[in-house]
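S.K.: Provided below: structure.txt, containing compact mmCIF, N, CA, C and O atoms.
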# COMPACT_ATOMS: atom_id res chain seq x y z
N MET A 1 0.84 -1.19 0.00
CA MET A 1 0.00 0.00 0.00
C MET A 1 0.88 1.25 0.00
O MET A 1 2.00 1.22 0.48
N GLN A 2 0.32 2.30 -0.50
CA GLN A 2 0.99 3.59 -0.45
C GLN A 2 0.15 4.55 0.37
O GLN A 2 -1.09 4.49 0.36
N TYR A 3 0.84 5.46 1.06
CA TYR A 3 0.18 6.45 1.89
C TYR A 3 0.78 7.82 1.61
O TYR A 3 1.92 7.92 1.17
N LYS A 4 -0.02 8.85 1.86
CA LYS A 4 0.46 10.21 1.67
C LYS A 4 -0.02 11.05 2.84
O LYS A 4 -1.16 10.93 3.28
N VAL A 5 0.87 11.90 3.33
CA VAL A 5 0.53 12.85 4.38
C VAL A 5 0.61 14.24 3.76
O VAL A 5 1.58 14.56 3.08
N GLU A 6 -0.43 15.04 3.98
CA GLU A 6 -0.45 16.40 3.48
C GLU A 6 -0.73 17.37 4.61
O GLU A 6 -1.57 17.11 5.46
N LEU A 7 -0.02 18.48 4.61
CA LEU A 7 -0.29 19.58 5.50
C LEU A 7 -1.08 20.59 4.68
O LEU A 7 -0.61 21.05 3.64
N ARG A 8 -2.29 20.91 5.13
CA ARG A 8 -3.18 21.78 4.35
C ARG A 8 -3.62 22.98 5.17
O ARG A 8 -3.81 22.89 6.37
N GLN A 9 -3.82 24.08 4.46
CA GLN A 9 -4.41 25.28 5.05
C GLN A 9 -5.37 25.86 4.03
O GLN A 9 -5.00 26.10 2.87
N ASN A 10 -6.63 26.05 4.45
CA ASN A 10 -7.67 26.59 3.56
C ASN A 10 -7.72 25.82 2.23
O ASN A 10 -7.73 26.41 1.16
N ASN A 11 -7.70 24.50 2.33
CA ASN A 11 -7.74 23.59 1.17
C ASN A 11 -6.55 23.72 0.23
O ASN A 11 -6.58 23.23 -0.88
N GLU A 12 -5.50 24.37 0.66
CA GLU A 12 -4.27 24.45 -0.11
C GLU A 12 -3.24 23.53 0.52
O GLU A 12 -3.02 23.56 1.73
N THR A 13 -2.61 22.68 -0.28
CA THR A 13 -1.60 21.76 0.21
C THR A 13 -0.28 22.50 0.37
O THR A 13 0.26 23.03 -0.60
N LEU A 14 0.22 22.53 1.59
CA LEU A 14 1.49 23.20 1.88
C LEU A 14 2.67 22.22 1.82
O LEU A 14 3.76 22.59 1.40
N ILE A 15 2.44 21.00 2.29
CA ILE A 15 3.47 19.95 2.28
C ILE A 15 2.78 18.65 1.89
O ILE A 15 1.67 18.37 2.34
N SER A 16 3.45 17.86 1.06
CA SER A 16 2.93 16.55 0.69
C SER A 16 4.09 15.56 0.64
O SER A 16 5.12 15.84 0.03
N LYS A 17 3.93 14.43 1.32
CA LYS A 17 4.99 13.43 1.36
C LYS A 17 4.36 12.04 1.30
O LYS A 17 3.39 11.77 1.99
N GLU A 18 4.92 11.17 0.46
CA GLU A 18 4.40 9.81 0.30
C GLU A 18 5.25 8.80 1.05
O GLU A 18 6.45 8.99 1.22
N PHE A 19 4.56 7.72 1.48
CA PHE A 19 5.21 6.67 2.26
C PHE A 19 4.75 5.30 1.76
O PHE A 19 3.63 5.16 1.30
N GLU A 20 5.60 4.31 1.91
CA GLU A 20 5.25 2.93 1.59
C GLU A 20 4.62 2.23 2.79
O GLU A 20 3.82 1.32 2.62
N GLU A 21 4.98 2.65 3.99
CA GLU A 21 4.52 2.00 5.21
C GLU A 21 3.57 2.91 5.98
O GLU A 21 3.85 4.10 6.18
N TYR A 22 2.47 2.35 6.46
CA TYR A 22 1.50 3.12 7.23
C TYR A 22 2.12 3.70 8.50
O TYR A 22 1.89 4.85 8.85
N ASP A 23 2.92 2.90 9.20
CA ASP A 23 3.53 3.37 10.45
C ASP A 23 4.38 4.62 10.24
O ASP A 23 4.36 5.54 11.06
N ASN A 24 5.13 4.67 9.14
CA ASN A 24 5.95 5.84 8.84
C ASN A 24 5.07 7.06 8.55
O ASN A 24 5.37 8.17 9.00
N ALA A 25 3.99 6.86 7.80
CA ALA A 25 3.06 7.95 7.51
C ALA A 25 2.39 8.43 8.78
O ALA A 25 2.23 9.64 9.00
N TYR A 26 1.98 7.51 9.63
CA TYR A 26 1.34 7.85 10.90
C TYR A 26 2.28 8.65 11.79
O TYR A 26 1.90 9.69 12.35
N ASP A 27 3.52 8.21 11.91
CA ASP A 27 4.51 8.91 12.73
C ASP A 27 4.77 10.32 12.19
O ASP A 27 4.86 11.28 12.95
N TYR A 28 4.88 10.44 10.87
CA TYR A 28 5.13 11.74 10.25
C TYR A 28 3.94 12.68 10.48
O TYR A 28 4.12 13.86 10.77
N SER A 29 2.72 12.15 10.38
CA SER A 29 1.53 12.98 10.61
C SER A 29 1.51 13.48 12.06
O SER A 29 1.17 14.64 12.31
N ASN A 30 1.89 12.64 13.00
CA ASN A 30 1.96 13.06 14.40
C ASN A 30 3.03 14.12 14.62
O ASN A 30 2.85 15.05 15.41
N GLU A 31 4.13 13.99 13.91
CA GLU A 31 5.21 14.98 14.01
C GLU A 31 4.71 16.34 13.49
O GLU A 31 4.95 17.38 14.11
N LEU A 32 4.01 16.33 12.36
CA LEU A 32 3.49 17.58 11.81
C LEU A 32 2.44 18.20 12.72
O LEU A 32 2.43 19.41 12.91
N ILE A 33 1.56 17.39 13.27
CA ILE A 33 0.47 17.93 14.09
C ILE A 33 1.00 18.66 15.31
O ILE A 33 0.39 19.63 15.78
N SER A 34 2.16 18.26 15.79
CA SER A 34 2.73 18.92 16.96
C SER A 34 3.31 20.29 16.62
O SER A 34 3.62 21.07 17.52
N GLN A 35 3.41 20.61 15.32
CA GLN A 35 4.05 21.86 14.90
C GLN A 35 3.08 22.84 14.23
O GLN A 35 3.51 23.91 13.80
N ILE A 36 1.82 22.52 14.15
CA ILE A 36 0.91 23.35 13.37
C ILE A 36 0.22 24.43 14.19
O ILE A 36 0.20 24.39 15.40
N GLU A 37 -0.38 25.36 13.47
CA GLU A 37 -1.13 26.45 14.05
C GLU A 37 -2.61 26.24 13.77
O GLU A 37 -3.01 25.32 13.07
N ASN A 38 -3.45 27.12 14.30
CA ASN A 38 -4.88 27.06 14.03
C ASN A 38 -5.15 27.18 12.52
O ASN A 38 -4.41 27.84 11.80
N ASN A 39 -6.22 26.56 12.08
CA ASN A 39 -6.67 26.57 10.68
C ASN A 39 -5.74 25.81 9.74
O ASN A 39 -5.87 25.93 8.53
N ILE A 40 -4.80 25.08 10.29
CA ILE A 40 -3.95 24.22 9.47
C ILE A 40 -4.20 22.80 9.94
O ILE A 40 -4.33 22.54 11.13
N PHE A 41 -4.29 21.86 9.01
CA PHE A 41 -4.53 20.49 9.41
C PHE A 41 -3.68 19.53 8.60
O PHE A 41 -3.17 19.87 7.54
N VAL A 42 -3.52 18.35 9.13
CA VAL A 42 -2.75 17.28 8.51
C VAL A 42 -3.72 16.20 8.08
O VAL A 42 -4.62 15.83 8.84
N VAL A 43 -3.55 15.69 6.87
CA VAL A 43 -4.38 14.59 6.40
C VAL A 43 -3.49 13.42 6.02
O VAL A 43 -2.38 13.59 5.53
N LEU A 44 -3.98 12.23 6.29
CA LEU A 44 -3.31 10.99 5.92
C LEU A 44 -4.20 10.30 4.90
O LEU A 44 -5.38 10.08 5.15
N LEU A 45 -3.63 10.02 3.73
CA LEU A 45 -4.38 9.43 2.64
C LEU A 45 -3.79 8.08 2.26
O LEU A 45 -2.60 7.85 2.43
N GLU A 46 -4.62 7.21 1.72
CA GLU A 46 -4.18 5.90 1.26
C GLU A 46 -4.53 5.77 -0.22
O GLU A 46 -5.60 6.17 -0.65
N LEU A 47 -3.60 5.22 -1.00
CA LEU A 47 -3.83 5.02 -2.43
C LEU A 47 -4.61 3.73 -2.63
O LEU A 47 -4.12 2.64 -2.32
N LYS A 48 -5.84 3.85 -3.13
CA LYS A 48 -6.70 2.71 -3.41
C LYS A 48 -7.22 2.85 -4.83
O LYS A 48 -7.84 3.86 -5.16
N ASN A 49 -6.97 1.84 -5.64
CA ASN A 49 -7.45 1.85 -7.03
C ASN A 49 -7.06 3.14 -7.74
O ASN A 49 -7.87 3.77 -8.41
N ASP A 50 -5.79 3.53 -7.59
CA ASP A 50 -5.23 4.73 -8.23
C ASP A 50 -5.91 6.02 -7.81
O ASP A 50 -5.89 7.01 -8.55
N LYS A 51 -6.52 6.05 -6.63
CA LYS A 51 -7.16 7.25 -6.12
C LYS A 51 -6.78 7.44 -4.65
O LYS A 51 -6.80 6.49 -3.88
N TRP A 52 -6.42 8.67 -4.28
CA TRP A 52 -6.07 8.96 -2.89
C TRP A 52 -7.35 9.10 -2.08
O TRP A 52 -8.23 9.89 -2.42
N VAL A 53 -7.44 8.32 -0.99
CA VAL A 53 -8.61 8.29 -0.13
C VAL A 53 -8.22 8.75 1.27
O VAL A 53 -7.25 8.25 1.85
N LEU A 54 -8.97 9.69 1.82
CA LEU A 54 -8.70 10.21 3.15
C LEU A 54 -8.96 9.14 4.20
O LEU A 54 -10.02 8.53 4.22
N ILE A 55 -7.96 8.90 5.07
CA ILE A 55 -8.16 7.94 6.15
C ILE A 55 -7.99 8.57 7.53
O ILE A 55 -8.39 7.99 8.53
N ARG A 56 -7.43 9.78 7.60
CA ARG A 56 -7.25 10.44 8.90
C ARG A 56 -7.06 11.94 8.68
O ARG A 56 -6.35 12.36 7.78
N LYS A 57 -7.71 12.75 9.50
CA LYS A 57 -7.56 14.20 9.45
C LYS A 57 -7.31 14.69 10.86
O LYS A 57 -8.05 14.36 11.78
N LEU A 58 -6.25 15.48 11.04
CA LEU A 58 -5.86 15.97 12.36
C LEU A 58 -5.74 17.49 12.35
O LEU A 58 -5.26 18.07 11.38
N SER A 59 -6.17 18.08 13.42
CA SER A 59 -5.96 19.53 13.61
C SER A 59 -5.86 19.79 15.11
O SER A 59 -6.07 18.90 15.92
N LEU A 60 -5.55 21.00 15.45
CA LEU A 60 -5.45 21.35 16.86
C LEU A 60 -6.80 21.25 17.55
O LEU A 60 -6.88 21.10 18.75
N GLU A 61 -7.88 21.29 16.79
CA GLU A 61 -9.21 21.20 17.35
C GLU A 61 -9.62 19.78 17.67
O GLU A 61 -10.58 19.54 18.37
N ASN A 62 -8.90 18.76 17.12
CA ASN A 62 -9.24 17.35 17.34
C ASN A 62 -8.86 16.89 18.72
O ASN A 62 -7.92 17.25 19.28
Turn the structure described in the file into structure tokens.
M.R.:
Amino acid sequence: MQYKVELRQNNETLISKEFEEYDNAYDYSNELISQIENNIFVVLLELKNDKWVLIRKLSLEN
């Protein structure tokens, strides 16, 4: 499986990084969430049938 972590603000992708392992993507998303400000969120996506599917969304409000 492939995974992607994106840092987004107002639906604009600020950072995007792909991973082969879920654990690495999960760890990276946690690292980003500890550094973000309000109105910025981190999303974790999984590649399924050549389409990126949202599997986790994190923000300071969560």
S.K.: Looking at only C-alpha atoms, which of A:Phe19, A:Arg56, A:Gln9, A:Asp27 is the one that sits closest to A:Leu44?
M.R.: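 Looking at the shortest contact to A:Leu44, the residue is A:Arg56.
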S.K.: May I ask for the distance between atom CA of A:Tyr26 and atom CA of A:Trp52, given in Å to one decimal place?
M.R.: 15.7 Å
S.K.: With only N, CA, C and O atoms as the counted atoms, please give the residues lying no more than 4.5 Å from A:Arg8, apart from itself and same-chain residues fewer than 5 positions off, as JSON, numbers by chain.
M.R.: {"A": [13, 14, 39, 40, 41]}
S.K.: Could you pull out the residues in chain A that DSSP calls helix (DSSP H, G or I) from the backbone, as a PyMOL selection string?
M.R.: chain A and resi 22-33
S.K.: As AutoDock Vina command-line options, what would the box around stretch 29-43 of chain A look like: edges along x, y and z, 3 Å added on every side, centre and edge lengths in Å to one decimal?
M.R.:
--center_x -0.7 --center_y 20.0 --center_z 11.5 --size_x 17.9 --size_y 21.7 --size_z 18.0
S.K.: What separation in Å, quoted to one decimal, exists between atom CA of A:Gln35 and atom CA of A:Lys48?
M.R.: 28.6 Å
S.K.: Counting all atoms listed in the file, what is within 7 Å of A:Ile15, bar same-chain residues fewer than 3 positions away, as a list of chain:residue names?
M.R.: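 Once the adjacent positions are removed, what remains is A:Val5, A:Glu6, A:Leu7, A:Arg8, A:Glu12.
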S.K.: As a count of residues only, please: the residues near A:Gln2 (cut-off 7 Å, all atoms listed in the file, same-chain neighbours under 6 positions excluded).
M.R.: 9
S.K.: What does the structure give for the distance between atom CA of A:Ile36 and atom CA of A:Tyr3, in Å to one decimal?
M.R.: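 Interatomic distance here is 20.4 Å.
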S.K.: From the set A:Met1, A:Leu58, A:Lys17, A:Lys51, which residue has the shortest atom-to-atom contact distance to A:Ile33, counting all atoms listed in the file?
M.R.: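 Result for the nearest residue to A:Ile33: A:Leu58.
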S.K.: Would you list, as a compact mmCIF listing (two decimals) with N, CA, C and O atoms, in the frame of the given file, the residues of stretch 3-61 of chain A that end up in strand (DSSP E) under DSSP run on this structure's backbone?
M.R.:
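out-v2.txt, freshly written:
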# COMPACT_ATOMS: atom_id res chain seq x y z
N TYR A 3 0.84 5.46 1.06
CA TYR A 3 0.18 6.45 1.89
C TYR A 3 0.78 7.82 1.61
O TYR A 3 1.92 7.92 1.17
N LYS A 4 -0.02 8.85 1.86
CA LYS A 4 0.46 10.21 1.67
C LYS A 4 -0.02 11.05 2.84
O LYS A 4 -1.16 10.93 3.28
N VAL A 5 0.87 11.90 3.33
CA VAL A 5 0.53 12.85 4.38
C VAL A 5 0.61 14.24 3.76
O VAL A 5 1.58 14.56 3.08
N GLU A 6 -0.43 15.04 3.98
CA GLU A 6 -0.45 16.40 3.48
C GLU A 6 -0.73 17.37 4.61
O GLU A 6 -1.57 17.11 5.46
N LEU A 7 -0.02 18.48 4.61
CA LEU A 7 -0.29 19.58 5.50
C LEU A 7 -1.08 20.59 4.68
O LEU A 7 -0.61 21.05 3.64
N ARG A 8 -2.29 20.91 5.13
CA ARG A 8 -3.18 21.78 4.35
C ARG A 8 -3.62 22.98 5.17
O ARG A 8 -3.81 22.89 6.37
N GLN A 9 -3.82 24.08 4.46
CA GLN A 9 -4.41 25.28 5.05
C GLN A 9 -5.37 25.86 4.03
O GLN A 9 -5.00 26.10 2.87
N GLU A 12 -5.50 24.37 0.66
CA GLU A 12 -4.27 24.45 -0.11
C GLU A 12 -3.24 23.53 0.52
O GLU A 12 -3.02 23.56 1.73
N THR A 13 -2.61 22.68 -0.28
CA THR A 13 -1.60 21.76 0.21
C THR A 13 -0.28 22.50 0.37
O THR A 13 0.26 23.03 -0.60
N LEU A 14 0.22 22.53 1.59
CA LEU A 14 1.49 23.20 1.88
C LEU A 14 2.67 22.22 1.82
O LEU A 14 3.76 22.59 1.40
N ILE A 15 2.44 21.00 2.29
CA ILE A 15 3.47 19.95 2.28
C ILE A 15 2.78 18.65 1.89
O ILE A 15 1.67 18.37 2.34
N SER A 16 3.45 17.86 1.06
CA SER A 16 2.93 16.55 0.69
C SER A 16 4.09 15.56 0.64
O SER A 16 5.12 15.84 0.03
N LYS A 17 3.93 14.43 1.32
CA LYS A 17 4.99 13.43 1.36
C LYS A 17 4.36 12.04 1.30
O LYS A 17 3.39 11.77 1.99
N GLU A 18 4.92 11.17 0.46
CA GLU A 18 4.40 9.81 0.30
C GLU A 18 5.25 8.80 1.05
O GLU A 18 6.45 8.99 1.22
N PHE A 19 4.56 7.72 1.48
CA PHE A 19 5.21 6.67 2.26
C PHE A 19 4.75 5.30 1.76
O PHE A 19 3.63 5.16 1.30
N ILE A 40 -4.80 25.08 10.29
CA ILE A 40 -3.95 24.22 9.47
C ILE A 40 -4.20 22.80 9.94
O ILE A 40 -4.33 22.54 11.13
N PHE A 41 -4.29 21.86 9.01
CA PHE A 41 -4.53 20.49 9.41
C PHE A 41 -3.68 19.53 8.60
O PHE A 41 -3.17 19.87 7.54
N VAL A 42 -3.52 18.35 9.13
CA VAL A 42 -2.75 17.28 8.51
C VAL A 42 -3.72 16.20 8.08
O VAL A 42 -4.62 15.83 8.84
N VAL A 43 -3.55 15.69 6.87
CA VAL A 43 -4.38 14.59 6.40
C VAL A 43 -3.49 13.42 6.02
O VAL A 43 -2.38 13.59 5.53
N LEU A 44 -3.98 12.23 6.29
CA LEU A 44 -3.31 10.99 5.92
C LEU A 44 -4.20 10.30 4.90
O LEU A 44 -5.38 10.08 5.15
N LEU A 45 -3.63 10.02 3.73
CA LEU A 45 -4.38 9.43 2.64
C LEU A 45 -3.79 8.08 2.26
O LEU A 45 -2.60 7.85 2.43
N GLU A 46 -4.62 7.21 1.72
CA GLU A 46 -4.18 5.90 1.26
C GLU A 46 -4.53 5.77 -0.22
O GLU A 46 -5.60 6.17 -0.65
N LEU A 47 -3.60 5.22 -1.00
CA LEU A 47 -3.83 5.02 -2.43
C LEU A 47 -4.61 3.73 -2.63
O LEU A 47 -4.12 2.64 -2.32
N LYS A 48 -5.84 3.85 -3.13
CA LYS A 48 -6.70 2.71 -3.41
C LYS A 48 -7.22 2.85 -4.83
O LYS A 48 -7.84 3.86 -5.16
N LYS A 51 -6.52 6.05 -6.63
CA LYS A 51 -7.16 7.25 -6.12
C LYS A 51 -6.78 7.44 -4.65
O LYS A 51 -6.80 6.49 -3.88
N TRP A 52 -6.42 8.67 -4.28
CA TRP A 52 -6.07 8.96 -2.89
C TRP A 52 -7.35 9.10 -2.08
O TRP A 52 -8.23 9.89 -2.42
N VAL A 53 -7.44 8.32 -0.99
CA VAL A 53 -8.61 8.29 -0.13
C VAL A 53 -8.22 8.75 1.27
O VAL A 53 -7.25 8.25 1.85
N LEU A 54 -8.97 9.69 1.82
CA LEU A 54 -8.70 10.21 3.15
C LEU A 54 -8.96 9.14 4.20
O LEU A 54 -10.02 8.53 4.22
N ILE A 55 -7.96 8.90 5.07
CA ILE A 55 -8.16 7.94 6.15
C ILE A 55 -7.99 8.57 7.53
O ILE A 55 -8.39 7.99 8.53
N ARG A 56 -7.43 9.78 7.60
CA ARG A 56 -7.25 10.44 8.90
C ARG A 56 -7.06 11.94 8.68
O ARG A 56 -6.35 12.36 7.78
N LYS A 57 -7.71 12.75 9.50
CA LYS A 57 -7.56 14.20 9.45
C LYS A 57 -7.31 14.69 10.86
O LYS A 57 -8.05 14.36 11.78
N LEU A 58 -6.25 15.48 11.04
CA LEU A 58 -5.86 15.97 12.36
C LEU A 58 -5.74 17.49 12.35
O LEU A 58 -5.26 18.07 11.38
N SER A 59 -6.17 18.08 13.42
CA SER A 59 -5.96 19.53 13.61
C SER A 59 -5.86 19.79 15.11
O SER A 59 -6.07 18.90 15.92
